[in-house]
$ cat upload-v9.cif   # mmCIF, C-alpha atoms
data_run
#
loop_
_atom_site.label_atom_id
_atom_site.label_comp_id
_atom_site.auth_asym_id
_atom_site.auth_seq_id
_atom_site.Cartn_x
_atom_site.Cartn_y
_atom_site.Cartn_z
CA MET A 1 -30.87 134.01 -10.32
CA ALA A 2 -33.81 135.18 -8.26
CA ALA A 3 -36.44 137.44 -9.76
CA ILE A 4 -37.75 140.49 -7.91
CA ASN A 5 -41.16 139.29 -6.84
CA GLY A 6 -43.52 141.49 -4.88
CA TYR A 7 -42.06 144.76 -6.22
CA PRO A 8 -43.92 145.22 -9.51
CA ALA A 9 -42.83 148.84 -10.05
CA LEU A 10 -39.19 147.72 -10.14
CA ALA A 11 -39.72 145.63 -13.28
CA GLU A 12 -39.79 148.88 -15.27
CA LEU A 13 -36.27 149.76 -14.08
CA ARG A 14 -34.50 146.67 -15.39
CA GLY A 15 -31.74 147.63 -17.82
CA ARG A 16 -32.29 151.38 -17.37
CA ASP A 17 -29.93 154.18 -16.35
CA LEU A 18 -30.18 156.25 -13.18
CA LEU A 19 -28.64 159.62 -13.99
CA SER A 20 -30.97 161.77 -11.88
CA SER A 21 -33.38 161.36 -8.98
CA ALA A 22 -36.03 162.51 -11.43
CA ASP A 23 -35.45 159.35 -13.52
CA LEU A 24 -37.59 157.50 -10.96
CA SER A 25 -41.35 157.63 -10.62
CA THR A 26 -42.92 157.87 -7.19
CA ASP A 27 -43.88 154.19 -7.25
CA GLN A 28 -40.38 153.19 -8.33
CA ALA A 29 -38.70 155.29 -5.64
CA LEU A 30 -41.00 153.88 -2.95
CA SER A 31 -40.40 150.34 -4.21
CA VAL A 32 -36.62 150.82 -4.10
CA LEU A 33 -36.95 152.01 -0.50
CA ARG A 34 -39.19 149.07 0.39
CA LEU A 35 -36.78 146.58 -1.17
CA ALA A 36 -33.87 148.29 0.60
CA ALA A 37 -35.66 147.94 3.94
CA ASP A 38 -36.40 144.27 3.25
CA LEU A 39 -32.80 143.57 2.23
CA LYS A 40 -31.56 145.34 5.36
CA ALA A 41 -33.92 143.27 7.52
CA GLY A 42 -32.88 140.05 5.79
CA SER A 43 -36.47 139.26 4.83
CA THR A 44 -35.66 138.92 1.13
CA HIS A 45 -32.70 137.71 -0.90
CA ILE A 46 -31.70 138.41 -4.49
CA ASP A 47 -28.90 136.65 -6.37
CA LEU A 48 -27.48 138.39 -9.43
CA GLY A 49 -25.62 135.27 -10.45
CA GLY A 50 -22.12 136.67 -10.65
CA LYS A 51 -22.84 139.87 -12.57
CA THR A 52 -20.15 142.56 -12.56
CA LEU A 53 -20.38 146.26 -11.73
CA GLY A 54 -17.66 148.52 -13.08
CA LEU A 55 -16.69 151.58 -11.02
CA ILE A 56 -15.34 154.63 -12.85
CA PHE A 57 -14.46 157.10 -10.10
CA THR A 58 -12.74 160.34 -11.07
CA LYS A 59 -13.51 161.78 -7.63
CA ALA A 60 -12.23 160.40 -4.33
CA SER A 61 -14.66 158.20 -2.44
CA THR A 62 -15.06 156.23 0.77
CA ARG A 63 -18.76 155.49 1.33
CA THR A 64 -19.77 155.28 -2.34
CA ARG A 65 -16.92 152.98 -3.33
CA VAL A 66 -17.24 150.65 -0.36
CA SER A 67 -21.05 150.55 -0.31
CA PHE A 68 -21.33 149.71 -4.01
CA SER A 69 -18.66 147.02 -3.68
CA VAL A 70 -20.29 145.39 -0.66
CA ALA A 71 -23.76 145.71 -2.19
CA MET A 72 -22.67 143.76 -5.28
CA ALA A 73 -20.97 141.12 -3.14
CA ARG A 74 -24.14 140.64 -1.10
CA LEU A 75 -26.08 140.20 -4.34
CA GLY A 76 -23.71 137.45 -5.47
CA GLY A 77 -21.92 139.72 -7.93
CA GLN A 78 -18.55 141.39 -8.10
CA THR A 79 -17.11 144.87 -8.57
CA LEU A 80 -14.28 145.93 -10.87
CA ASP A 81 -12.37 149.14 -10.11
CA LEU A 82 -11.87 151.04 -13.38
CA ASN A 83 -9.96 153.97 -11.87
CA PRO A 84 -8.98 156.39 -14.67
CA GLN A 85 -5.40 156.39 -13.34
CA VAL A 86 -5.01 152.70 -14.20
CA THR A 87 -7.10 152.53 -17.39
CA GLN A 88 -6.92 154.16 -20.80
CA VAL A 89 -9.62 156.60 -19.69
CA GLY A 90 -6.88 158.52 -17.91
CA ARG A 91 -4.90 158.75 -21.15
CA GLY A 92 -7.72 160.35 -23.09
CA GLU A 93 -9.53 157.41 -24.71
CA PRO A 94 -12.89 158.76 -25.93
CA VAL A 95 -15.93 158.01 -23.79
CA ALA A 96 -17.66 156.62 -26.89
CA ASP A 97 -15.00 153.92 -27.22
CA THR A 98 -14.65 153.17 -23.51
CA ALA A 99 -18.40 152.86 -22.94
CA ARG A 100 -18.93 150.50 -25.87
CA VAL A 101 -16.03 148.25 -24.89
CA LEU A 102 -16.98 148.11 -21.21
CA SER A 103 -20.56 147.23 -22.19
CA ARG A 104 -19.17 143.94 -23.51
CA TYR A 105 -17.27 143.17 -20.30
CA VAL A 106 -19.43 144.29 -17.37
CA ASP A 107 -23.15 144.42 -16.61
CA ALA A 108 -23.43 147.97 -15.26
CA LEU A 109 -21.32 151.06 -14.61
CA ALA A 110 -21.38 153.33 -11.56
CA ILE A 111 -19.69 156.62 -12.42
CA ARG A 112 -18.48 159.29 -9.99
CA THR A 113 -17.21 162.34 -11.79
CA PHE A 114 -17.45 166.11 -12.08
CA ALA A 115 -19.56 166.98 -15.13
CA GLN A 116 -23.09 165.62 -15.55
CA GLU A 117 -22.47 165.84 -19.30
CA GLU A 118 -19.77 163.15 -19.05
CA LEU A 119 -22.22 160.83 -17.32
CA VAL A 120 -24.84 161.50 -20.00
CA ASP A 121 -22.22 160.75 -22.65
CA TYR A 122 -21.43 157.37 -21.05
CA ALA A 123 -25.14 156.54 -20.89
CA HIS A 124 -25.56 157.45 -24.57
CA TRP A 125 -22.81 155.09 -25.74
CA ALA A 126 -23.18 152.26 -23.23
CA SER A 127 -25.64 149.42 -23.80
CA ILE A 128 -25.72 148.59 -20.07
CA PRO A 129 -27.17 150.52 -17.10
CA VAL A 130 -25.21 153.60 -16.05
CA ILE A 131 -25.63 154.85 -12.46
CA ASN A 132 -24.86 158.33 -11.20
CA ALA A 133 -22.58 157.71 -8.23
CA LEU A 134 -22.15 161.51 -7.90
CA THR A 135 -21.64 164.41 -10.25
CA ASP A 136 -21.43 168.13 -9.60
CA LEU A 137 -25.14 168.34 -10.47
CA GLU A 138 -26.69 165.42 -8.55
CA HIS A 139 -26.17 162.61 -6.04
CA PRO A 140 -29.29 160.42 -6.47
CA CYS A 141 -27.99 157.33 -4.62
CA GLN A 142 -27.31 159.48 -1.58
CA ALA A 143 -30.87 160.82 -1.67
CA LEU A 144 -32.31 157.29 -1.71
CA ALA A 145 -30.33 156.45 1.42
CA ASP A 146 -31.42 159.72 3.03
CA PHE A 147 -35.12 159.08 2.51
CA LEU A 148 -34.71 155.48 3.65
CA THR A 149 -33.31 156.91 6.90
CA LEU A 150 -36.19 159.36 7.18
CA GLN A 151 -38.66 156.52 6.53
CA GLU A 152 -37.08 154.43 9.30
CA ALA A 153 -37.55 157.30 11.73
CA PHE A 154 -41.09 158.35 10.82
CA GLY A 155 -42.73 155.62 8.72
CA GLU A 156 -44.85 157.46 6.15
CA LEU A 157 -42.80 159.99 4.15
CA ALA A 158 -45.53 162.08 2.56
CA GLY A 159 -46.14 165.30 4.48
CA LEU A 160 -42.80 165.35 6.31
CA THR A 161 -40.49 168.36 6.06
CA LEU A 162 -36.76 168.05 5.42
CA SER A 163 -34.64 171.18 5.89
CA TYR A 164 -31.25 171.30 4.24
CA VAL A 165 -28.97 174.12 5.40
CA GLY A 166 -25.83 174.86 3.43
CA ASP A 167 -24.62 175.16 -0.13
CA GLY A 168 -27.21 174.58 -2.86
CA ASN A 169 -25.10 171.77 -4.30
CA ASN A 170 -25.54 168.33 -5.87
CA VAL A 171 -26.86 166.81 -2.63
CA ALA A 172 -29.41 169.60 -2.26
CA HIS A 173 -30.51 169.05 -5.87
CA SER A 174 -31.19 165.34 -5.39
CA LEU A 175 -32.93 165.93 -2.06
CA MET A 176 -35.23 168.44 -3.76
CA LEU A 177 -36.06 166.16 -6.68
CA CYS A 178 -36.42 162.91 -4.74
CA GLY A 179 -38.30 164.63 -1.92
CA ALA A 180 -40.73 166.16 -4.40
CA LEU A 181 -41.43 162.71 -5.88
CA LEU A 182 -42.07 161.28 -2.42
CA GLY A 183 -44.36 164.06 -1.22
CA VAL A 184 -41.79 165.43 1.24
CA ASN A 185 -41.59 169.19 1.74
CA VAL A 186 -37.99 170.29 1.16
CA ARG A 187 -36.55 173.57 2.37
CA VAL A 188 -33.10 174.71 1.31
CA GLY A 189 -31.60 177.33 3.59
CA CYS A 190 -28.51 179.10 2.30
CA PRO A 191 -26.84 182.51 2.13
CA LYS A 192 -27.72 184.62 -0.89
CA GLY A 193 -25.58 183.64 -3.84
CA PHE A 194 -25.43 179.96 -2.88
CA GLU A 195 -28.91 178.88 -4.02
CA PRO A 196 -29.57 175.62 -5.90
CA ASP A 197 -29.40 175.56 -9.68
CA ALA A 198 -32.39 177.47 -11.09
CA ALA A 199 -33.35 174.74 -13.58
CA VAL A 200 -33.27 172.02 -10.90
CA LEU A 201 -35.30 174.23 -8.58
CA GLU A 202 -37.96 174.73 -11.24
CA GLN A 203 -38.03 171.01 -12.06
CA SER A 204 -38.36 170.04 -8.40
CA ARG A 205 -41.15 172.55 -7.82
CA THR A 206 -43.06 171.15 -10.79
CA LEU A 207 -42.71 167.63 -9.36
CA ALA A 208 -43.68 168.83 -5.88
CA ALA A 209 -46.82 170.50 -7.18
CA ALA A 210 -47.85 167.19 -8.76
CA HIS A 211 -47.28 165.27 -5.52
CA GLY A 212 -48.76 167.62 -2.92
CA SER A 213 -45.52 168.93 -1.46
CA SER A 214 -43.37 172.04 -1.70
CA VAL A 215 -39.78 173.11 -2.35
CA GLU A 216 -38.63 176.39 -0.79
CA VAL A 217 -35.39 178.37 -0.73
CA LEU A 218 -34.86 180.51 2.38
CA HIS A 219 -32.05 182.82 3.41
CA GLU A 220 -32.39 182.74 7.20
CA PRO A 221 -31.28 179.66 9.19
CA VAL A 222 -33.99 179.59 11.88
CA ALA A 223 -36.79 180.09 9.34
CA ALA A 224 -35.32 177.26 7.26
CA VAL A 225 -35.37 174.69 10.06
CA ARG A 226 -38.39 175.69 12.17
CA GLY A 227 -40.68 172.70 12.74
CA ALA A 228 -38.78 170.41 10.34
CA HIS A 229 -38.65 166.64 10.82
CA ALA A 230 -35.11 166.28 9.45
CA LEU A 231 -32.20 168.72 9.52
CA TYR A 232 -29.52 168.07 6.92
CA THR A 233 -26.24 169.68 6.01
CA ASP A 234 -23.18 169.05 3.84
CA VAL A 235 -19.71 170.52 3.47
CA TRP A 236 -19.61 174.15 2.35
CA ALA A 237 -16.84 173.51 -0.20
CA SER A 238 -17.38 170.41 -2.35
CA MET A 239 -14.69 168.50 -4.24
CA GLY A 240 -13.23 170.82 -6.84
CA GLN A 241 -13.98 173.92 -4.75
CA GLU A 242 -11.08 173.61 -2.32
CA GLU A 243 -9.59 176.94 -3.41
CA GLU A 244 -12.86 178.63 -2.33
CA LYS A 245 -12.82 177.11 1.15
CA ALA A 246 -11.82 180.24 3.13
CA GLU A 247 -14.20 182.46 1.15
CA ARG A 248 -17.05 180.04 1.66
CA GLU A 249 -16.42 179.75 5.39
CA ARG A 250 -16.83 183.53 5.65
CA ALA A 251 -20.00 183.47 3.53
CA PHE A 252 -21.57 180.69 5.62
CA ALA A 253 -20.87 182.25 9.02
CA GLY A 254 -23.98 181.67 11.14
CA TRP A 255 -25.12 178.65 9.10
CA CYS A 256 -23.61 175.89 11.27
CA LEU A 257 -26.13 173.15 12.05
CA ASN A 258 -25.84 173.28 15.84
CA GLU A 259 -27.88 172.54 18.93
CA GLU A 260 -29.63 175.91 18.74
CA LEU A 261 -30.96 175.13 15.26
CA VAL A 262 -31.94 171.59 16.29
CA ALA A 263 -34.02 173.11 19.10
CA GLU A 264 -36.07 175.04 16.50
CA ALA A 265 -37.10 171.85 14.69
CA ASP A 266 -39.84 169.35 15.49
CA PRO A 267 -39.12 167.67 18.85
CA ARG A 268 -38.77 164.35 17.04
CA ALA A 269 -36.41 165.76 14.38
CA ILE A 270 -33.40 163.78 13.20
CA VAL A 271 -30.03 165.17 12.11
CA LEU A 272 -28.45 164.05 8.84
CA HIS A 273 -25.13 164.65 7.05
CA CYS A 274 -23.86 162.82 3.96
CA LEU A 275 -20.21 162.87 5.20
CA PRO A 276 -17.36 163.60 5.35
CA ALA A 277 -18.17 166.19 8.03
CA TYR A 278 -16.12 169.03 9.44
CA ARG A 279 -17.19 169.51 13.05
CA GLY A 280 -17.31 173.16 14.02
CA LEU A 281 -17.92 174.33 10.44
CA GLU A 282 -21.13 173.13 8.77
CA ILE A 283 -22.15 171.04 11.81
CA SER A 284 -21.37 171.20 15.52
CA ALA A 285 -19.94 168.22 17.38
CA GLY A 286 -22.99 168.31 19.65
CA ALA A 287 -25.46 168.05 16.77
CA MET A 288 -23.45 165.33 15.05
CA GLU A 289 -23.05 163.18 18.15
CA GLY A 290 -26.35 164.04 19.86
CA SER A 291 -29.37 161.82 20.40
CA ALA A 292 -31.12 163.18 17.29
CA SER A 293 -28.28 162.19 14.98
CA ARG A 294 -28.94 159.41 12.48
CA ILE A 295 -25.81 160.19 10.47
CA PHE A 296 -24.19 156.79 10.77
CA ASP A 297 -27.48 154.96 10.13
CA GLN A 298 -27.73 157.17 7.05
CA ALA A 299 -24.22 156.16 5.96
CA GLU A 300 -25.08 152.48 6.42
CA ASN A 301 -28.21 152.95 4.35
CA ARG A 302 -26.12 153.80 1.30
CA LEU A 303 -25.35 150.06 1.20
CA HIS A 304 -28.97 148.95 1.42
CA ALA A 305 -30.39 151.56 -0.97
CA GLN A 306 -27.75 150.81 -3.60
CA GLN A 307 -28.20 147.07 -3.16
CA ALA A 308 -31.91 147.55 -3.91
CA LEU A 309 -31.16 149.79 -6.89
CA LEU A 310 -28.65 147.32 -8.36
CA ALA A 311 -31.15 144.49 -7.92
CA ALA A 312 -33.80 146.53 -9.71
CA LEU A 313 -31.52 147.35 -12.63
CA LEU A 314 -29.89 143.93 -13.02
CA ALA A 315 -32.09 141.13 -11.66
CA GLU A 316 -33.93 138.83 -14.04
CA PRO A 317 -37.68 139.51 -14.46
#

$ encode --input "upload-v9.cif" --output "structure tokens"
Amino acid sequence: MAAINGYPALAELRGRDLLSSADLSTDQALSVLRLAADLKAGSTHIDLGGKTLGLIFTKASTRTRVSFSVAMARLGGQTLDLNPQVTQVGRGEPVADTARVLSRYVDALAIRTFAQEELVDYAHWASIPVINALTDLEHPCQALADFLTLQEAFGELAGLTLSYVGDGNNVAHSLMLCGALLGVNVRVGCPKGFEPDAAVLEQSRTLAAAHGSSVEVLHEPVAAVRGAHALYTDVWASMGQEEEKAERERAFAGWCLNEELVAEADPRAIVLHCLPAYRGLEISAGAMEGSASRIFDQAENRLHAQQALLAALLAEP
């Protein structure tokens, strides 16, 4: 089993949980991105020696499920699908019991669910690393892939500006927190009433102030994207909000990330979307398929960022 040599900041992550983007320090986040880039380039190799990652996914998933599974396979490990519909979790077994039992079978858990509190509960009872594979509050693995994509496009991250236009949701929260750690200015543009969570906004602004960047919330699309280096959007109705879809489409009229908004950004700006995307709603077909789009590079980078994260949490010192 290979040790992680050359990435000293990652030694501090071994055996830890990742529940929030704010669980990483700046050095750790940058080291994860550097390892991800090296793994993607094939310039380094890490063997986890057959370790097993358990997936507990209450929410549907394409990219997260596949990318975690392939990442573990590339690290010489394996993935076990612990879908609640085929385990006792779906029949109401307490998290305290499930987490303690699974800690004796697998080496880490990636959990994709609704409530952040459920994830925190698993982390409390488990004696193995627990990874936030998405909750209603945060999506930290997505943010790592996003900033890896931004780094590929521009090199140095500090001082760049990322503009997110859309609902102030879990993706926006992790972009704010991770961006603040990395010295990236993050703007969230949204209609009034759809702002990010106030506590996450305050936390991200505190982190930004410590790292020479800023986090802003704006309520006008052009002002939100003007001069930005990355333009980012997500669906207007997240999983669990399907009944609000029509209402949200009315509220977000005028907020489509289209060619007109792209023209307001930095000439070198890239376009990002965490997928799945609904062309003609939150993003136009032209913006999604245009020359500025890095959306499918971004999707690929989920694999590399999570491979680096898994290596950091599970590899021998």

$ closest_residue --input "upload-v9.cif" --among "A:Ala199, A:Ala9, A:Leu162, A:Ala308" --to "Val271 (chain A)" --atoms "all atoms listed in the file"
A:Leu162

$ resolve_selection --input "upload-v9.cif" --expression "the PyMOL selection byres ((chain A and resi 228-235) around 6)" --output "PyMOL selection string"
chain A and resi 161-166+225-227+236-237+265-266+269-273

$ closest_residue --input "upload-v9.cif" --among "A:Pro140, A:Gly76, A:Gly54, A:Gly280" --to "Leu102 (chain A)" --atoms "only C-alpha atoms"
A:Gly54

$ closest_residue --input "upload-v9.cif" --among "A:Glu202, A:Val70, A:Ala29, A:Ser43" --to "Cys178 (chain A)" --atoms "only C-alpha atoms"
A:Ala29

$ resolve_selection --input "upload-v9.cif" --expression "the PyMOL selection byres ((chain A and resi 83-98) around 9)" --output "VMD selection string"
chain A and resid 55 to 58 81 to 82 99 to 103 118 121 to 122 124 to 126

$ resolve_selection --input "upload-v9.cif" --expression "the PyMOL selection byres ((chain A and resi 245-257) around 9)" --output "PyMOL selection string"
chain A and resi 165-167+189-192+220-221+231-233+236-238+241-244+258-262+271+280-284+287-288

$ atom_distance --input "upload-v9.cif" --atom1 "CA of Ile4 (chain A)" --atom2 "CA of Pro317 (chain A)"
6.6 Å

$ decode --input "upload-v9.cif" --residues "region 242-256 of chain A" --atoms "N, CA, C and O atoms" --output "PDB file, in the first residue's frame"
ATOM      1  N   GLU A 242     -39.454  19.147  -6.043  1.00  0.00           N
ATOM      2  CA  GLU A 242     -40.123  18.985  -7.335  1.00  0.00           C
ATOM      3  C   GLU A 242     -41.498  19.658  -7.367  1.00  0.00           C
ATOM      4  O   GLU A 242     -41.915  20.187  -8.412  1.00  0.00           O
ATOM      5  N   GLU A 243     -42.190  19.652  -6.239  1.00  0.00           N
ATOM      6  CA  GLU A 243     -43.527  20.257  -6.216  1.00  0.00           C
ATOM      7  C   GLU A 243     -43.469  21.782  -6.348  1.00  0.00           C
ATOM      8  O   GLU A 243     -44.473  22.438  -6.627  1.00  0.00           O
ATOM      9  N   GLU A 244     -42.273  22.368  -6.169  1.00  0.00           N
ATOM     10  CA  GLU A 244     -42.098  23.816  -6.294  1.00  0.00           C
ATOM     11  C   GLU A 244     -41.603  24.222  -7.680  1.00  0.00           C
ATOM     12  O   GLU A 244     -41.331  25.407  -7.919  1.00  0.00           O
ATOM     13  N   LYS A 245     -41.476  23.263  -8.580  1.00  0.00           N
ATOM     14  CA  LYS A 245     -40.801  23.514  -9.859  1.00  0.00           C
ATOM     15  C   LYS A 245     -41.446  24.673 -10.628  1.00  0.00           C
ATOM     16  O   LYS A 245     -40.752  25.602 -11.054  1.00  0.00           O
ATOM     17  N   ALA A 246     -42.763  24.659 -10.814  1.00  0.00           N
ATOM     18  CA  ALA A 246     -43.422  25.702 -11.602  1.00  0.00           C
ATOM     19  C   ALA A 246     -43.283  27.067 -10.933  1.00  0.00           C
ATOM     20  O   ALA A 246     -42.998  28.078 -11.592  1.00  0.00           O
ATOM     21  N   GLU A 247     -43.437  27.092  -9.610  1.00  0.00           N
ATOM     22  CA  GLU A 247     -43.300  28.347  -8.868  1.00  0.00           C
ATOM     23  C   GLU A 247     -41.885  28.902  -8.990  1.00  0.00           C
ATOM     24  O   GLU A 247     -41.685  30.114  -9.178  1.00  0.00           O
ATOM     25  N   ARG A 248     -40.906  28.027  -8.916  1.00  0.00           N
ATOM     26  CA  ARG A 248     -39.521  28.459  -9.006  1.00  0.00           C
ATOM     27  C   ARG A 248     -39.180  28.942 -10.419  1.00  0.00           C
ATOM     28  O   ARG A 248     -38.422  29.892 -10.590  1.00  0.00           O
ATOM     29  N   GLU A 249     -39.720  28.300 -11.419  1.00  0.00           N
ATOM     30  CA  GLU A 249     -39.463  28.760 -12.787  1.00  0.00           C
ATOM     31  C   GLU A 249     -39.968  30.179 -12.985  1.00  0.00           C
ATOM     32  O   GLU A 249     -39.332  30.990 -13.669  1.00  0.00           O
ATOM     33  N   ARG A 250     -41.103  30.512 -12.390  1.00  0.00           N
ATOM     34  CA  ARG A 250     -41.614  31.883 -12.479  1.00  0.00           C
ATOM     35  C   ARG A 250     -40.699  32.851 -11.730  1.00  0.00           C
ATOM     36  O   ARG A 250     -40.380  33.942 -12.216  1.00  0.00           O
ATOM     37  N   ALA A 251     -40.249  32.427 -10.542  1.00  0.00           N
ATOM     38  CA  ALA A 251     -39.408  33.306  -9.713  1.00  0.00           C
ATOM     39  C   ALA A 251     -38.052  33.569 -10.360  1.00  0.00           C
ATOM     40  O   ALA A 251     -37.469  34.655 -10.190  1.00  0.00           O
ATOM     41  N   PHE A 252     -37.547  32.599 -11.124  1.00  0.00           N
ATOM     42  CA  PHE A 252     -36.212  32.722 -11.711  1.00  0.00           C
ATOM     43  C   PHE A 252     -36.247  33.219 -13.153  1.00  0.00           C
ATOM     44  O   PHE A 252     -35.221  33.162 -13.840  1.00  0.00           O
ATOM     45  N   ALA A 253     -37.378  33.707 -13.610  1.00  0.00           N
ATOM     46  CA  ALA A 253     -37.441  34.277 -14.963  1.00  0.00           C
ATOM     47  C   ALA A 253     -36.398  35.387 -15.101  1.00  0.00           C
ATOM     48  O   ALA A 253     -36.292  36.268 -14.247  1.00  0.00           O
ATOM     49  N   GLY A 254     -35.605  35.330 -16.155  1.00  0.00           N
ATOM     50  CA  GLY A 254     -34.542  36.309 -16.361  1.00  0.00           C
ATOM     51  C   GLY A 254     -33.203  35.899 -15.789  1.00  0.00           C
ATOM     52  O   GLY A 254     -32.207  36.627 -15.952  1.00  0.00           O
ATOM     53  N   TRP A 255     -33.141  34.724 -15.137  1.00  0.00           N
ATOM     54  CA  TRP A 255     -31.894  34.275 -14.509  1.00  0.00           C
ATOM     55  C   TRP A 255     -31.214  33.140 -15.281  1.00  0.00           C
ATOM     56  O   TRP A 255     -30.303  32.500 -14.765  1.00  0.00           O
ATOM     57  N   CYS A 256     -31.644  32.875 -16.494  1.00  0.00           N
ATOM     58  CA  CYS A 256     -30.998  31.820 -17.295  1.00  0.00           C
ATOM     59  C   CYS A 256     -29.567  32.222 -17.636  1.00  0.00           C
ATOM     60  O   CYS A 256     -29.304  33.352 -18.074  1.00  0.00           O
TER      61      CYS A 256
END
